[in-house]
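K.L.:
What follows is target34.cif; its format and atoms are mmCIF, C-alpha atoms.
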data_run
loop_
_atom_site.group_PDB
_atom_site.id
_atom_site.type_symbol
_atom_site.label_atom_id
_atom_site.label_comp_id
_atom_site.auth_asym_id
_atom_site.auth_seq_id
_atom_site.Cartn_x
_atom_site.Cartn_y
_atom_site.Cartn_z
ATOM 1 C CA MET K 1 0.000 0.000 0.000
ATOM 2 C CA ASN K 2 1.942 3.015 -1.269
ATOM 3 C CA LYS K 3 -0.917 5.441 -1.738
ATOM 4 C CA SER K 4 -3.020 7.006 0.948
ATOM 5 C CA ILE K 5 -6.742 6.326 0.730
ATOM 6 C CA PHE K 6 -9.081 9.299 1.044
ATOM 7 C CA TYR K 7 -12.573 8.210 2.055
ATOM 8 C CA HIS K 8 -15.432 10.625 1.560
ATOM 9 C CA ALA K 9 -19.142 10.643 0.933
ATOM 10 C CA GLY K 10 -19.664 13.651 -1.275
ATOM 11 C CA CYS K 11 -20.701 15.966 1.563
ATOM 12 C CA PRO K 12 -19.613 19.630 1.394
ATOM 13 C CA VAL K 13 -17.062 19.153 4.198
ATOM 14 C CA CYS K 14 -15.684 16.152 2.298
ATOM 15 C CA VAL K 15 -15.349 18.020 -0.984
ATOM 16 C CA GLY K 16 -13.529 20.922 0.635
ATOM 17 C CA ALA K 17 -11.149 18.641 2.496
ATOM 18 C CA GLU K 18 -10.565 16.548 -0.651
ATOM 19 C CA GLN K 19 -9.444 19.569 -2.633
ATOM 20 C CA GLU K 20 -7.030 20.650 0.112
ATOM 21 C CA ILE K 21 -5.589 17.158 0.466
ATOM 22 C CA ILE K 22 -5.094 16.905 -3.311
ATOM 23 C CA ASN K 23 -3.339 20.292 -3.263
ATOM 24 C CA LEU K 24 -1.083 19.211 -0.399
ATOM 25 C CA MET K 25 -0.203 15.672 -1.403
ATOM 26 C CA GLY K 26 -0.812 15.465 -5.133
ATOM 27 C CA GLU K 27 -3.549 13.402 -6.769
ATOM 28 C CA GLU K 28 -1.010 10.701 -7.705
ATOM 29 C CA SER K 29 -0.463 9.959 -3.998
ATOM 30 C CA LEU K 30 -4.141 9.327 -3.373
ATOM 31 C CA HIS K 31 -6.708 6.662 -3.948
ATOM 32 C CA ILE K 32 -10.078 8.377 -3.524
ATOM 33 C CA VAL K 33 -13.109 6.324 -2.493
ATOM 34 C CA HIS K 34 -16.667 7.685 -2.395
ATOM 35 C CA LEU K 35 -18.351 5.515 0.236
ATOM 36 C CA GLY K 36 -21.806 6.825 -0.629
ATOM 37 C CA GLU K 37 -21.470 5.472 -4.161
ATOM 38 C CA ASN K 38 -19.385 2.413 -3.161
ATOM 39 C CA GLN K 39 -21.066 1.127 -0.039
ATOM 40 C CA LYS K 40 -19.339 -2.240 -0.496
ATOM 41 C CA GLU K 41 -16.087 -0.481 0.470
ATOM 42 C CA ILE K 42 -17.486 0.506 3.882
ATOM 43 C CA PRO K 43 -16.394 -2.726 5.654
ATOM 44 C CA THR K 44 -12.810 -2.206 4.432
ATOM 45 C CA ALA K 45 -12.858 1.362 5.720
ATOM 46 C CA GLU K 46 -14.178 0.141 9.069
ATOM 47 C CA GLU K 47 -11.380 -2.429 9.281
ATOM 48 C CA PHE K 48 -8.867 0.424 8.974
ATOM 49 C CA GLY K 49 -10.629 2.141 11.875
ATOM 50 C CA VAL K 50 -12.487 4.804 9.905
ATOM 51 C CA THR K 51 -15.512 5.997 11.874
ATOM 52 C CA SER K 52 -16.384 9.193 9.978
ATOM 53 C CA VAL K 53 -15.723 10.903 6.671
ATOM 54 C CA PRO K 54 -13.700 12.586 5.358
ATOM 55 C CA ALA K 55 -10.803 10.414 6.500
ATOM 56 C CA LEU K 56 -7.342 9.704 5.202
ATOM 57 C CA VAL K 57 -5.717 6.295 5.697
ATOM 58 C CA THR K 58 -1.958 6.690 5.317
ATOM 59 C CA PRO K 59 0.379 4.098 3.750
ATOM 60 C CA ASN K 60 1.219 3.079 7.354
ATOM 61 C CA GLY K 61 -2.426 2.243 7.954
ATOM 62 C CA VAL K 62 -2.939 5.176 10.313
ATOM 63 C CA VAL K 63 -6.370 6.809 10.134
ATOM 64 C CA LEU K 64 -6.524 10.595 10.139
ATOM 65 C CA HIS K 65 -10.097 11.800 10.591
ATOM 66 C CA ILE K 66 -10.188 15.219 8.949
ATOM 67 C CA ASN K 67 -12.818 17.687 10.069
ATOM 68 C CA TYR K 68 -16.228 16.071 10.306
ATOM 69 C CA GLY K 69 -18.666 15.455 7.499
ATOM 70 C CA ALA K 70 -20.676 12.417 8.458
ATOM 71 C CA SER K 71 -20.408 9.254 10.509
ATOM 72 C CA LEU K 72 -20.188 5.939 8.658
ATOM 73 C CA GLU K 73 -23.582 5.092 10.174
ATOM 74 C CA GLU K 74 -25.021 8.089 8.369
ATOM 75 C CA VAL K 75 -23.373 7.001 5.122
ATOM 76 C CA LYS K 76 -24.933 3.543 5.472
ATOM 77 C CA ALA K 77 -28.426 4.912 6.089
ATOM 78 C CA MET R 1 2.371 31.686 3.184
ATOM 79 C CA ASN R 2 3.826 28.740 1.304
ATOM 80 C CA LYS R 3 4.114 26.260 4.120
ATOM 81 C CA SER R 4 1.300 24.607 5.976
ATOM 82 C CA ILE R 5 1.187 25.210 9.717
ATOM 83 C CA PHE R 6 0.747 22.188 11.967
ATOM 84 C CA TYR R 7 -0.571 23.189 15.392
ATOM 85 C CA HIS R 8 -0.264 20.736 18.224
ATOM 86 C CA ALA R 9 0.048 20.643 21.989
ATOM 87 C CA GLY R 10 2.240 17.635 22.616
ATOM 88 C CA CYS R 11 -0.619 15.265 23.391
ATOM 89 C CA PRO R 12 -0.282 11.633 22.253
ATOM 90 C CA VAL R 13 -2.874 12.114 19.491
ATOM 91 C CA CYS R 14 -0.942 15.168 18.331
ATOM 92 C CA VAL R 15 2.404 13.370 18.239
ATOM 93 C CA GLY R 16 1.004 10.475 16.223
ATOM 94 C CA ALA R 17 -0.681 12.785 13.734
ATOM 95 C CA GLU R 18 2.443 14.933 13.456
ATOM 96 C CA GLN R 19 4.582 11.961 12.462
ATOM 97 C CA GLU R 20 2.086 10.889 9.809
ATOM 98 C CA ILE R 21 1.755 14.408 8.407
ATOM 99 C CA ILE R 22 5.556 14.721 8.228
ATOM 100 C CA ASN R 23 5.728 11.373 6.419
ATOM 101 C CA LEU R 24 3.042 12.447 3.953
ATOM 102 C CA MET R 25 4.046 16.011 3.217
ATOM 103 C CA GLY R 26 7.692 16.279 4.151
ATOM 104 C CA GLU R 27 9.056 18.334 7.029
ATOM 105 C CA GLU R 28 10.158 21.095 4.633
ATOM 106 C CA SER R 29 6.495 21.779 3.792
ATOM 107 C CA LEU R 30 5.562 22.327 7.414
ATOM 108 C CA HIS R 31 5.843 24.963 10.061
ATOM 109 C CA ILE R 32 5.193 23.179 13.355
ATOM 110 C CA VAL R 33 3.877 25.154 16.332
ATOM 111 C CA HIS R 34 3.517 23.714 19.849
ATOM 112 C CA LEU R 35 0.708 25.802 21.336
ATOM 113 C CA GLY R 36 1.311 24.440 24.819
ATOM 114 C CA GLU R 37 4.828 25.881 24.785
ATOM 115 C CA ASN R 38 3.955 28.948 22.688
ATOM 116 C CA GLN R 39 0.692 30.173 24.137
ATOM 117 C CA LYS R 40 1.203 33.559 22.492
ATOM 118 C CA GLU R 41 0.543 31.842 19.146
ATOM 119 C CA ILE R 42 -2.946 30.769 20.254
ATOM 120 C CA PRO R 43 -4.695 33.987 19.077
ATOM 121 C CA THR R 44 -3.172 33.569 15.592
ATOM 122 C CA ALA R 45 -4.376 29.970 15.476
ATOM 123 C CA GLU R 46 -7.845 31.097 16.535
ATOM 124 C CA GLU R 47 -7.888 33.713 13.770
ATOM 125 C CA PHE R 48 -7.289 30.930 11.248
ATOM 126 C CA GLY R 49 -10.303 29.122 12.729
ATOM 127 C CA VAL R 50 -8.439 26.471 14.696
ATOM 128 C CA THR R 51 -10.634 25.179 17.531
ATOM 129 C CA SER R 52 -8.767 21.994 18.504
ATOM 130 C CA VAL R 53 -5.393 20.353 18.091
ATOM 131 C CA PRO R 54 -3.866 18.724 16.160
ATOM 132 C CA ALA R 55 -4.805 20.946 13.222
ATOM 133 C CA LEU R 56 -3.243 21.744 9.890
ATOM 134 C CA VAL R 57 -3.680 25.177 8.290
ATOM 135 C CA THR R 58 -2.967 24.866 4.571
ATOM 136 C CA PRO R 59 -1.264 27.523 2.418
ATOM 137 C CA ASN R 60 -4.807 28.484 1.294
ATOM 138 C CA GLY R 61 -5.736 29.248 4.890
ATOM 139 C CA VAL R 62 -8.064 26.270 5.153
ATOM 140 C CA VAL R 63 -8.139 24.558 8.557
ATOM 141 C CA LEU R 64 -8.076 20.777 8.648
ATOM 142 C CA HIS R 65 -8.798 19.490 12.143
ATOM 143 C CA ILE R 66 -7.119 16.097 12.311
ATOM 144 C CA ASN R 67 -8.418 13.560 14.800
ATOM 145 C CA TYR R 68 -8.959 15.128 18.198
ATOM 146 C CA GLY R 69 -6.371 15.716 20.862
ATOM 147 C CA ALA R 70 -7.558 18.721 22.835
ATOM 148 C CA SER R 71 -9.637 21.857 22.462
ATOM 149 C CA LEU R 72 -7.837 25.194 22.446
ATOM 150 C CA GLU R 73 -9.636 25.952 25.715
ATOM 151 C CA GLU R 74 -7.904 22.951 27.262
ATOM 152 C CA VAL R 75 -4.551 24.137 25.907
ATOM 153 C CA LYS R 76 -5.098 27.564 27.501
ATOM 154 C CA ALA R 77 -5.979 26.063 30.875
#
Could you render the structure from this file as structure tokens?
P.N.:
Amino acid sequence: MNKSIFYHAGCPVCVGAEQEIINLMGEESLHIVHLGENQKEIPTAEEFGVTSVPALVTPNGVVLHINYGASLEEVKA
Amino acid sequence: MNKSIFYHAGCPVCVGAEQEIINLMGEESLHIVHLGENQKEIPTAEEFGVTSVPALVTPNGVVLHINYGASLEEVKA
């Protein structure tokens, strides 16, 4: 796992954070996953320890929850 | 303002996030401020919109609150 994974759900907070993260790290460093559109990816995100979006999972597997858009429970609903 | 500013207060959550942010962005992209040791920087952080640490203020002036270590009120206390 060389890229970081940016999980979001299309919420305004997510979109703003996504643009900043792309600016900071470069799009080539990121794998971006929209959990609202790809609900089957939610279990993988939960295994990493993601509890809300937007969140960045680093290549070390560390979860950085960035600001607060929505809980994963809200994304599932 | 070309560097991002990483505000922290030495808490365990802050230290973990700091290491990941350094890994991701490179130390040369960061100006790191310990608000516990530099309380006079707290008003500047508040002007950016920082309400808790750790937080990253990007070169665009956008605040990304990363995980949750402590509120600024706790840092002042």
K.L.:
What is the atom CA of K:Leu24 to atom CA of R:Asn23 distance in Å?
P.N.:
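The value is 12.4 Å.
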K.L.:
Expanded to explicit residues, what is the PyMOL selection byres ((chain R) within 7 of (chain K)) for this file, as a list in words?
P.N.:
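Applied to this file, the PyMOL selection byres ((chain R) within 7 of (chain K)) selects Met25, Leu64, His65, Ile66 and Asn67 of chain R.
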K.L.:
What does chain K look like once superposed on chain R, all Cα atoms paired in sequence order, least squares? Give it as a PDB file with C-alpha atoms, in the frame of the given file.
P.N.:
ATOM      1  CA  MET K   1       2.361  31.672   3.170  1.00  0.00           C
ATOM      2  CA  ASN K   2       3.844  28.718   1.288  1.00  0.00           C
ATOM      3  CA  LYS K   3       4.120  26.246   4.133  1.00  0.00           C
ATOM      4  CA  SER K   4       1.299  24.594   5.977  1.00  0.00           C
ATOM      5  CA  ILE K   5       1.194  25.206   9.716  1.00  0.00           C
ATOM      6  CA  PHE K   6       0.743  22.184  11.968  1.00  0.00           C
ATOM      7  CA  TYR K   7      -0.575  23.188  15.382  1.00  0.00           C
ATOM      8  CA  HIS K   8      -0.273  20.728  18.229  1.00  0.00           C
ATOM      9  CA  ALA K   9       0.044  20.650  21.978  1.00  0.00           C
ATOM     10  CA  GLY K  10       2.258  17.672  22.629  1.00  0.00           C
ATOM     11  CA  CYS K  11      -0.612  15.288  23.385  1.00  0.00           C
ATOM     12  CA  PRO K  12      -0.283  11.649  22.250  1.00  0.00           C
ATOM     13  CA  VAL K  13      -2.874  12.125  19.483  1.00  0.00           C
ATOM     14  CA  CYS K  14      -0.924  15.185  18.321  1.00  0.00           C
ATOM     15  CA  VAL K  15       2.410  13.382  18.228  1.00  0.00           C
ATOM     16  CA  GLY K  16       1.003  10.487  16.229  1.00  0.00           C
ATOM     17  CA  ALA K  17      -0.697  12.780  13.742  1.00  0.00           C
ATOM     18  CA  GLU K  18       2.447  14.939  13.460  1.00  0.00           C
ATOM     19  CA  GLN K  19       4.573  11.975  12.455  1.00  0.00           C
ATOM     20  CA  GLU K  20       2.059  10.893   9.802  1.00  0.00           C
ATOM     21  CA  ILE K  21       1.760  14.405   8.398  1.00  0.00           C
ATOM     22  CA  ILE K  22       5.559  14.734   8.225  1.00  0.00           C
ATOM     23  CA  ASN K  23       5.722  11.380   6.412  1.00  0.00           C
ATOM     24  CA  LEU K  24       3.035  12.454   3.945  1.00  0.00           C
ATOM     25  CA  MET K  25       4.041  16.026   3.214  1.00  0.00           C
ATOM     26  CA  GLY K  26       7.703  16.287   4.136  1.00  0.00           C
ATOM     27  CA  GLU K  27       9.066  18.326   7.035  1.00  0.00           C
ATOM     28  CA  GLU K  28      10.158  21.091   4.631  1.00  0.00           C
ATOM     29  CA  SER K  29       6.496  21.778   3.790  1.00  0.00           C
ATOM     30  CA  LEU K  30       5.555  22.328   7.414  1.00  0.00           C
ATOM     31  CA  HIS K  31       5.864  24.953  10.066  1.00  0.00           C
ATOM     32  CA  ILE K  32       5.194  23.167  13.358  1.00  0.00           C
ATOM     33  CA  VAL K  33       3.876  25.143  16.328  1.00  0.00           C
ATOM     34  CA  HIS K  34       3.509  23.713  19.841  1.00  0.00           C
ATOM     35  CA  LEU K  35       0.706  25.804  21.338  1.00  0.00           C
ATOM     36  CA  GLY K  36       1.306  24.443  24.829  1.00  0.00           C
ATOM     37  CA  GLU K  37       4.827  25.864  24.813  1.00  0.00           C
ATOM     38  CA  ASN K  38       3.945  28.945  22.706  1.00  0.00           C
ATOM     39  CA  GLN K  39       0.670  30.143  24.143  1.00  0.00           C
ATOM     40  CA  LYS K  40       1.205  33.550  22.520  1.00  0.00           C
ATOM     41  CA  GLU K  41       0.546  31.837  19.168  1.00  0.00           C
ATOM     42  CA  ILE K  42      -2.951  30.763  20.260  1.00  0.00           C
ATOM     43  CA  PRO K  43      -4.687  33.984  19.081  1.00  0.00           C
ATOM     44  CA  THR K  44      -3.162  33.554  15.603  1.00  0.00           C
ATOM     45  CA  ALA K  45      -4.381  29.964  15.480  1.00  0.00           C
ATOM     46  CA  GLU K  46      -7.851  31.100  16.538  1.00  0.00           C
ATOM     47  CA  GLU K  47      -7.879  33.719  13.777  1.00  0.00           C
ATOM     48  CA  PHE K  48      -7.310  30.921  11.249  1.00  0.00           C
ATOM     49  CA  GLY K  49     -10.314  29.120  12.732  1.00  0.00           C
ATOM     50  CA  VAL K  50      -8.454  26.457  14.701  1.00  0.00           C
ATOM     51  CA  THR K  51     -10.645  25.172  17.530  1.00  0.00           C
ATOM     52  CA  SER K  52      -8.767  21.993  18.500  1.00  0.00           C
ATOM     53  CA  VAL K  53      -5.384  20.355  18.088  1.00  0.00           C
ATOM     54  CA  PRO K  54      -3.876  18.734  16.152  1.00  0.00           C
ATOM     55  CA  ALA K  55      -4.815  20.941  13.208  1.00  0.00           C
ATOM     56  CA  LEU K  56      -3.247  21.739   9.881  1.00  0.00           C
ATOM     57  CA  VAL K  57      -3.671  25.170   8.280  1.00  0.00           C
ATOM     58  CA  THR K  58      -2.972  24.853   4.560  1.00  0.00           C
ATOM     59  CA  PRO K  59      -1.266  27.517   2.408  1.00  0.00           C
ATOM     60  CA  ASN K  60      -4.807  28.488   1.288  1.00  0.00           C
ATOM     61  CA  GLY K  61      -5.723  29.244   4.884  1.00  0.00           C
ATOM     62  CA  VAL K  62      -8.060  26.260   5.147  1.00  0.00           C
ATOM     63  CA  VAL K  63      -8.136  24.565   8.552  1.00  0.00           C
ATOM     64  CA  LEU K  64      -8.081  20.778   8.638  1.00  0.00           C
ATOM     65  CA  HIS K  65      -8.805  19.497  12.139  1.00  0.00           C
ATOM     66  CA  ILE K  66      -7.112  16.106  12.307  1.00  0.00           C
ATOM     67  CA  ASN K  67      -8.399  13.569  14.790  1.00  0.00           C
ATOM     68  CA  TYR K  68      -8.949  15.115  18.197  1.00  0.00           C
ATOM     69  CA  GLY K  69      -6.367  15.733  20.871  1.00  0.00           C
ATOM     70  CA  ALA K  70      -7.548  18.715  22.847  1.00  0.00           C
ATOM     71  CA  SER K  71      -9.629  21.846  22.464  1.00  0.00           C
ATOM     72  CA  LEU K  72      -7.830  25.197  22.458  1.00  0.00           C
ATOM     73  CA  GLU K  73      -9.639  25.952  25.728  1.00  0.00           C
ATOM     74  CA  GLU K  74      -7.903  22.960  27.260  1.00  0.00           C
ATOM     75  CA  VAL K  75      -4.551  24.136  25.908  1.00  0.00           C
ATOM     76  CA  LYS K  76      -5.096  27.557  27.494  1.00  0.00           C
ATOM     77  CA  ALA K  77      -5.975  26.111  30.898  1.00  0.00           C
TER      78      ALA K  77
END
K.L.:
What does the structure give for the distance between atom CA of K:Lys76 and atom CA of K:Gly36, in Å to one decimal?
P.N.:
7.6 Å
K.L.:
Do you know which residues the PyMOL selection byres ((chain R and resi 71) around 12) returns on this file, as a PDB file with C-alpha atoms, in the coordinates of the input?
P.N.:
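So result-v2.pdb came out as:
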ATOM      1  CA  TYR R   7      -0.571  23.189  15.392  1.00  0.00           C
ATOM      2  CA  HIS R   8      -0.264  20.736  18.224  1.00  0.00           C
ATOM      3  CA  ALA R   9       0.048  20.643  21.989  1.00  0.00           C
ATOM      4  CA  CYS R  11      -0.619  15.265  23.391  1.00  0.00           C
ATOM      5  CA  CYS R  14      -0.942  15.168  18.331  1.00  0.00           C
ATOM      6  CA  LEU R  35       0.708  25.802  21.336  1.00  0.00           C
ATOM      7  CA  GLY R  36       1.311  24.440  24.819  1.00  0.00           C
ATOM      8  CA  ILE R  42      -2.946  30.769  20.254  1.00  0.00           C
ATOM      9  CA  ALA R  45      -4.376  29.970  15.476  1.00  0.00           C
ATOM     10  CA  GLU R  46      -7.845  31.097  16.535  1.00  0.00           C
ATOM     11  CA  VAL R  50      -8.439  26.471  14.696  1.00  0.00           C
ATOM     12  CA  THR R  51     -10.634  25.179  17.531  1.00  0.00           C
ATOM     13  CA  SER R  52      -8.767  21.994  18.504  1.00  0.00           C
ATOM     14  CA  VAL R  53      -5.393  20.353  18.091  1.00  0.00           C
ATOM     15  CA  PRO R  54      -3.866  18.724  16.160  1.00  0.00           C
ATOM     16  CA  ALA R  55      -4.805  20.946  13.222  1.00  0.00           C
ATOM     17  CA  HIS R  65      -8.798  19.490  12.143  1.00  0.00           C
ATOM     18  CA  ILE R  66      -7.119  16.097  12.311  1.00  0.00           C
ATOM     19  CA  ASN R  67      -8.418  13.560  14.800  1.00  0.00           C
ATOM     20  CA  TYR R  68      -8.959  15.128  18.198  1.00  0.00           C
ATOM     21  CA  GLY R  69      -6.371  15.716  20.862  1.00  0.00           C
ATOM     22  CA  ALA R  70      -7.558  18.721  22.835  1.00  0.00           C
ATOM     23  CA  LEU R  72      -7.837  25.194  22.446  1.00  0.00           C
ATOM     24  CA  GLU R  73      -9.636  25.952  25.715  1.00  0.00           C
ATOM     25  CA  GLU R  74      -7.904  22.951  27.262  1.00  0.00           C
ATOM     26  CA  VAL R  75      -4.551  24.137  25.907  1.00  0.00           C
ATOM     27  CA  LYS R  76      -5.098  27.564  27.501  1.00  0.00           C
ATOM     28  CA  ALA R  77      -5.979  26.063  30.875  1.00  0.00           C
TER      29      ALA R  77
END
K.L.:
Rounded to one decimal place, report the atom CA of R:Pro12-atom CA of R:Asn38 distance in Å.
P.N.:
17.8 Å
